[in-house]
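Trainee: Starting off with a structure, shown below.
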Amino acid sequence: MLKIPQLEVDHCFERLVRNIMALEQCCNPFESYRQCRRRGFPKGIILNRLGEDAAVSNMINNFCENIGDNYTCFGDISREINAHYESRFNHMKATLKLVYFPNIWRGTATVAAAILLILTLIQTIKSFF
(Lines give C-alpha, C1' and ligand atoms only; values in the text may rest on other atoms or scores of the structure.)
Protein backbone atom coordinates (compact mmCIF):
# COMPACT_ATOMS: atom_id res chain seq x y z
CA MET A 1 0.00 0.00 0.00
CA LEU A 2 1.35 3.40 -0.97
CA LYS A 3 0.51 6.01 1.65
CA ILE A 4 0.61 9.63 0.50
CA PRO A 5 0.21 12.55 2.92
CA GLN A 6 -1.60 15.74 1.97
CA LEU A 7 0.24 18.56 0.19
CA GLU A 8 -1.23 22.02 0.69
CA VAL A 9 -0.98 24.29 -2.35
CA ASP A 10 -1.43 28.00 -1.67
CA HIS A 11 -0.12 31.24 -3.21
CA CYS A 12 3.41 30.73 -1.79
CA PHE A 13 3.73 27.12 -2.95
CA GLU A 14 5.26 27.76 -6.38
CA ARG A 15 7.98 30.00 -4.97
CA LEU A 16 8.78 27.42 -2.28
CA VAL A 17 9.04 24.52 -4.74
CA ARG A 18 11.15 26.50 -7.22
CA ASN A 19 13.51 27.51 -4.41
CA ILE A 20 13.83 23.89 -3.28
CA MET A 21 14.52 22.79 -6.86
CA ALA A 22 17.20 25.47 -7.26
CA LEU A 23 18.79 24.52 -3.94
CA GLU A 24 18.92 20.84 -4.90
CA GLN A 25 20.50 21.65 -8.27
CA CYS A 26 23.14 23.96 -6.81
CA CYS A 27 24.11 22.30 -3.54
CA ASN A 28 24.97 18.60 -3.85
CA PRO A 29 22.20 17.58 -6.29
CA PHE A 30 22.62 13.83 -5.73
CA GLU A 31 23.19 14.02 -1.96
CA SER A 32 19.82 15.69 -1.32
CA TYR A 33 18.10 12.84 -3.18
CA ARG A 34 19.90 10.21 -1.11
CA GLN A 35 18.94 11.94 2.13
CA CYS A 36 15.34 12.26 0.98
CA ARG A 37 15.19 8.58 0.05
CA ARG A 38 16.85 7.52 3.32
CA ARG A 39 14.33 9.46 5.37
CA GLY A 40 11.46 8.12 3.29
CA PHE A 41 9.76 11.39 2.33
CA PRO A 42 6.67 10.39 0.33
CA LYS A 43 4.88 12.27 -2.46
CA GLY A 44 1.82 14.31 -1.55
CA ILE A 45 -1.85 14.52 -2.40
CA ILE A 46 -2.75 18.06 -3.38
CA LEU A 47 -4.99 20.21 -1.18
CA ASN A 48 -5.94 23.11 -3.46
CA ARG A 49 -6.07 26.50 -1.70
CA LEU A 50 -5.89 28.48 -4.96
CA GLY A 51 -9.50 27.95 -5.96
CA GLU A 52 -9.14 26.56 -9.48
CA ASP A 53 -7.80 23.12 -10.35
CA ALA A 54 -6.46 24.43 -13.66
CA ALA A 55 -4.22 26.93 -11.84
CA VAL A 56 -2.63 24.17 -9.76
CA SER A 57 -2.29 21.91 -12.80
CA ASN A 58 -0.59 24.64 -14.84
CA MET A 59 1.72 25.49 -11.94
CA ILE A 60 2.85 21.90 -11.48
CA ASN A 61 3.22 21.30 -15.23
CA ASN A 62 5.43 24.40 -15.54
CA PHE A 63 7.79 23.62 -12.64
CA CYS A 64 10.52 22.29 -14.91
CA GLU A 65 10.51 25.25 -17.29
CA ASN A 66 13.89 26.93 -17.54
CA ILE A 67 15.56 24.02 -15.75
CA GLY A 68 18.65 23.02 -17.70
CA ASP A 69 18.97 19.39 -16.66
CA ASN A 70 16.26 16.90 -17.62
CA TYR A 71 17.64 14.28 -15.22
CA THR A 72 15.20 13.12 -12.60
CA CYS A 73 16.55 11.36 -9.55
CA PHE A 74 13.14 9.81 -8.87
CA GLY A 75 12.92 8.07 -12.25
CA ASP A 76 13.88 4.68 -10.81
CA ILE A 77 11.23 4.98 -8.10
CA SER A 78 8.63 5.90 -10.71
CA ARG A 79 9.56 2.87 -12.83
CA GLU A 80 9.37 0.57 -9.77
CA ILE A 81 5.92 1.88 -8.82
CA ASN A 82 4.65 1.49 -12.39
CA ALA A 83 6.05 -2.05 -12.63
CA HIS A 84 4.44 -2.93 -9.30
CA TYR A 85 1.10 -1.55 -10.48
CA GLU A 86 1.24 -3.41 -13.81
CA SER A 87 1.97 -6.80 -12.20
CA ARG A 88 -0.99 -9.20 -12.49
CA PHE A 89 0.05 -10.93 -9.26
CA ASN A 90 -0.19 -7.66 -7.34
CA HIS A 91 -3.62 -6.95 -8.87
CA MET A 92 -4.87 -10.39 -7.79
CA LYS A 93 -3.38 -9.98 -4.31
CA ALA A 94 -5.00 -6.55 -3.91
CA THR A 95 -8.37 -7.87 -5.10
CA LEU A 96 -8.16 -10.79 -2.69
CA LYS A 97 -7.33 -8.47 0.18
CA LEU A 98 -9.89 -5.76 -0.64
CA VAL A 99 -12.81 -8.00 -1.69
CA TYR A 100 -12.48 -11.21 0.29
CA PHE A 101 -10.49 -10.19 3.38
CA PRO A 102 -11.34 -6.55 4.25
CA ASN A 103 -12.22 -7.50 7.84
CA ILE A 104 -12.08 -10.54 10.12
CA TRP A 105 -15.69 -11.59 9.51
CA ARG A 106 -15.58 -11.61 5.74
CA GLY A 107 -12.17 -13.30 5.81
CA THR A 108 -13.50 -16.02 8.12
CA ALA A 109 -16.54 -16.52 5.89
CA THR A 110 -14.29 -16.79 2.82
CA VAL A 111 -12.08 -19.43 4.45
CA ALA A 112 -15.12 -21.35 5.70
CA ALA A 113 -16.70 -21.29 2.22
CA ALA A 114 -13.45 -22.51 0.64
CA ILE A 115 -13.19 -25.37 3.15
CA LEU A 116 -16.82 -26.32 2.57
CA LEU A 117 -16.27 -26.31 -1.19
CA ILE A 118 -13.17 -28.51 -0.89
CA LEU A 119 -14.96 -30.98 1.41
CA THR A 120 -17.93 -31.14 -1.00
CA LEU A 121 -15.54 -31.82 -3.89
CA ILE A 122 -13.82 -34.59 -1.91
CA GLN A 123 -17.19 -36.16 -1.02
CA THR A 124 -18.28 -36.06 -4.68
CA ILE A 125 -15.05 -37.75 -5.80
CA LYS A 126 -15.37 -40.44 -3.11
CA SER A 127 -18.95 -41.23 -4.11
CA PHE A 128 -17.77 -42.24 -7.60
CA PHE A 129 -15.22 -44.71 -6.24
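We label chains A, B, ... in the order they appear in the C-alpha coordinates, count residues from 1 in each chain, and number ligands from 1 in the order shown.
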With a distance cut-off of 12 Å and only C-alpha atoms, select the neighbouring residues of Ser57 of chain A, excluding the residue or stretch itself and same-chain residues fewer than 6 positions from it, and output the selection as a list in words.
Mentor: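 In the requested format, the answer is Val9, Glu14, Ile46, Asn48, Leu50, Gly51 and Phe63 of chain A.
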Trainee: Just to be explicit: take each residue in the selection above, keep N, CA and C atoms, and write the result as a short mmCIF file (atom, residue, chain, number, x, y, z; two decimals), in the first residue's frame.
Mentor:
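New file out.cif:
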```cif
data_model
loop_
_atom_site.label_atom_id
_atom_site.label_comp_id
_atom_site.auth_asym_id
_atom_site.auth_seq_id
_atom_site.Cartn_x
_atom_site.Cartn_y
_atom_site.Cartn_z
N VAL A 9 -1.41 23.36 -1.31
CA VAL A 9 -0.98 24.29 -2.35
C VAL A 9 -1.68 25.62 -2.11
N GLU A 14 4.39 27.80 -5.21
CA GLU A 14 5.26 27.76 -6.38
C GLU A 14 6.64 28.32 -6.05
N ILE A 46 -2.65 16.61 -3.31
CA ILE A 46 -2.75 18.06 -3.38
C ILE A 46 -4.03 18.56 -2.72
N ASN A 48 -5.93 21.89 -2.67
CA ASN A 48 -5.94 23.11 -3.46
C ASN A 48 -6.49 24.27 -2.64
N LEU A 50 -5.89 27.41 -3.96
CA LEU A 50 -5.89 28.48 -4.96
C LEU A 50 -7.26 28.72 -5.55
N GLY A 51 -8.16 27.78 -5.44
CA GLY A 51 -9.50 27.95 -5.96
C GLY A 51 -9.78 27.17 -7.22
N PHE A 63 6.69 23.58 -13.60
CA PHE A 63 7.79 23.62 -12.64
C PHE A 63 9.14 23.44 -13.31
#
```
Trainee: Gly107 of chain A: which residues within 12 Å, counting only C-alpha atoms, same-chain residues fewer than 6 positions away excluded, as JSON, numbers by chain?
Mentor: {"A": [96, 97, 98, 99, 100, 101, 113, 114]}
Trainee: Between A:Arg18, A:Thr95, A:Thr110, A:Thr124, which one has atoms that come closest to Asn62 of chain A, using only C-alpha atoms?
Mentor: A:Arg18
Trainee: To one decimal place in Å, what is the distance between atom CA of Ala109 of chain A and atom CA of Leu121 of chain A?
Mentor: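 Atom CA of Leu121 of chain A lies 18.2 Å from atom CA of Ala109 of chain A.
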Trainee: Please provide as a ChimeraX atom specification all residues within 9 Å of Leu47 of chain A, with the sequence filter that same-chain residues fewer than 4 positions apart are discarded (counting only C-alpha atoms).
Mentor: /A:6-10
Trainee: Write a file of the selected residues as a PDB file, in the first residue's frame, keeping N, CA and C atoms.
Mentor:
```pdb
ATOM      1  N   GLN A   6      -0.994  14.627   2.686  1.00  0.00           N
ATOM      2  CA  GLN A   6      -1.597  15.741   1.972  1.00  0.00           C
ATOM      3  C   GLN A   6      -0.579  16.850   1.731  1.00  0.00           C
ATOM      4  N   LEU A   7      -0.630  17.462   0.567  1.00  0.00           N
ATOM      5  CA  LEU A   7       0.240  18.562   0.193  1.00  0.00           C
ATOM      6  C   LEU A   7      -0.627  19.786  -0.023  1.00  0.00           C
ATOM      7  N   GLU A   8      -0.397  20.823   0.772  1.00  0.00           N
ATOM      8  CA  GLU A   8      -1.229  22.016   0.694  1.00  0.00           C
ATOM      9  C   GLU A   8      -0.629  22.996  -0.305  1.00  0.00           C
ATOM     10  N   VAL A   9      -1.415  23.362  -1.314  1.00  0.00           N
ATOM     11  CA  VAL A   9      -0.976  24.292  -2.351  1.00  0.00           C
ATOM     12  C   VAL A   9      -1.680  25.624  -2.112  1.00  0.00           C
ATOM     13  N   ASP A  10      -0.883  26.661  -1.824  1.00  0.00           N
ATOM     14  CA  ASP A  10      -1.433  28.005  -1.671  1.00  0.00           C
ATOM     15  C   ASP A  10      -0.644  28.964  -2.560  1.00  0.00           C
TER      16      ASP A  10
END
```
Trainee: Mind giving me the straight-line distance from atom CA of Ala55 of chain A to atom CA of Asp76 of chain A in Å, one decimal?
Mentor: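 Separation of atom CA of Ala55 of chain A and atom CA of Asp76 of chain A: 28.7 Å.
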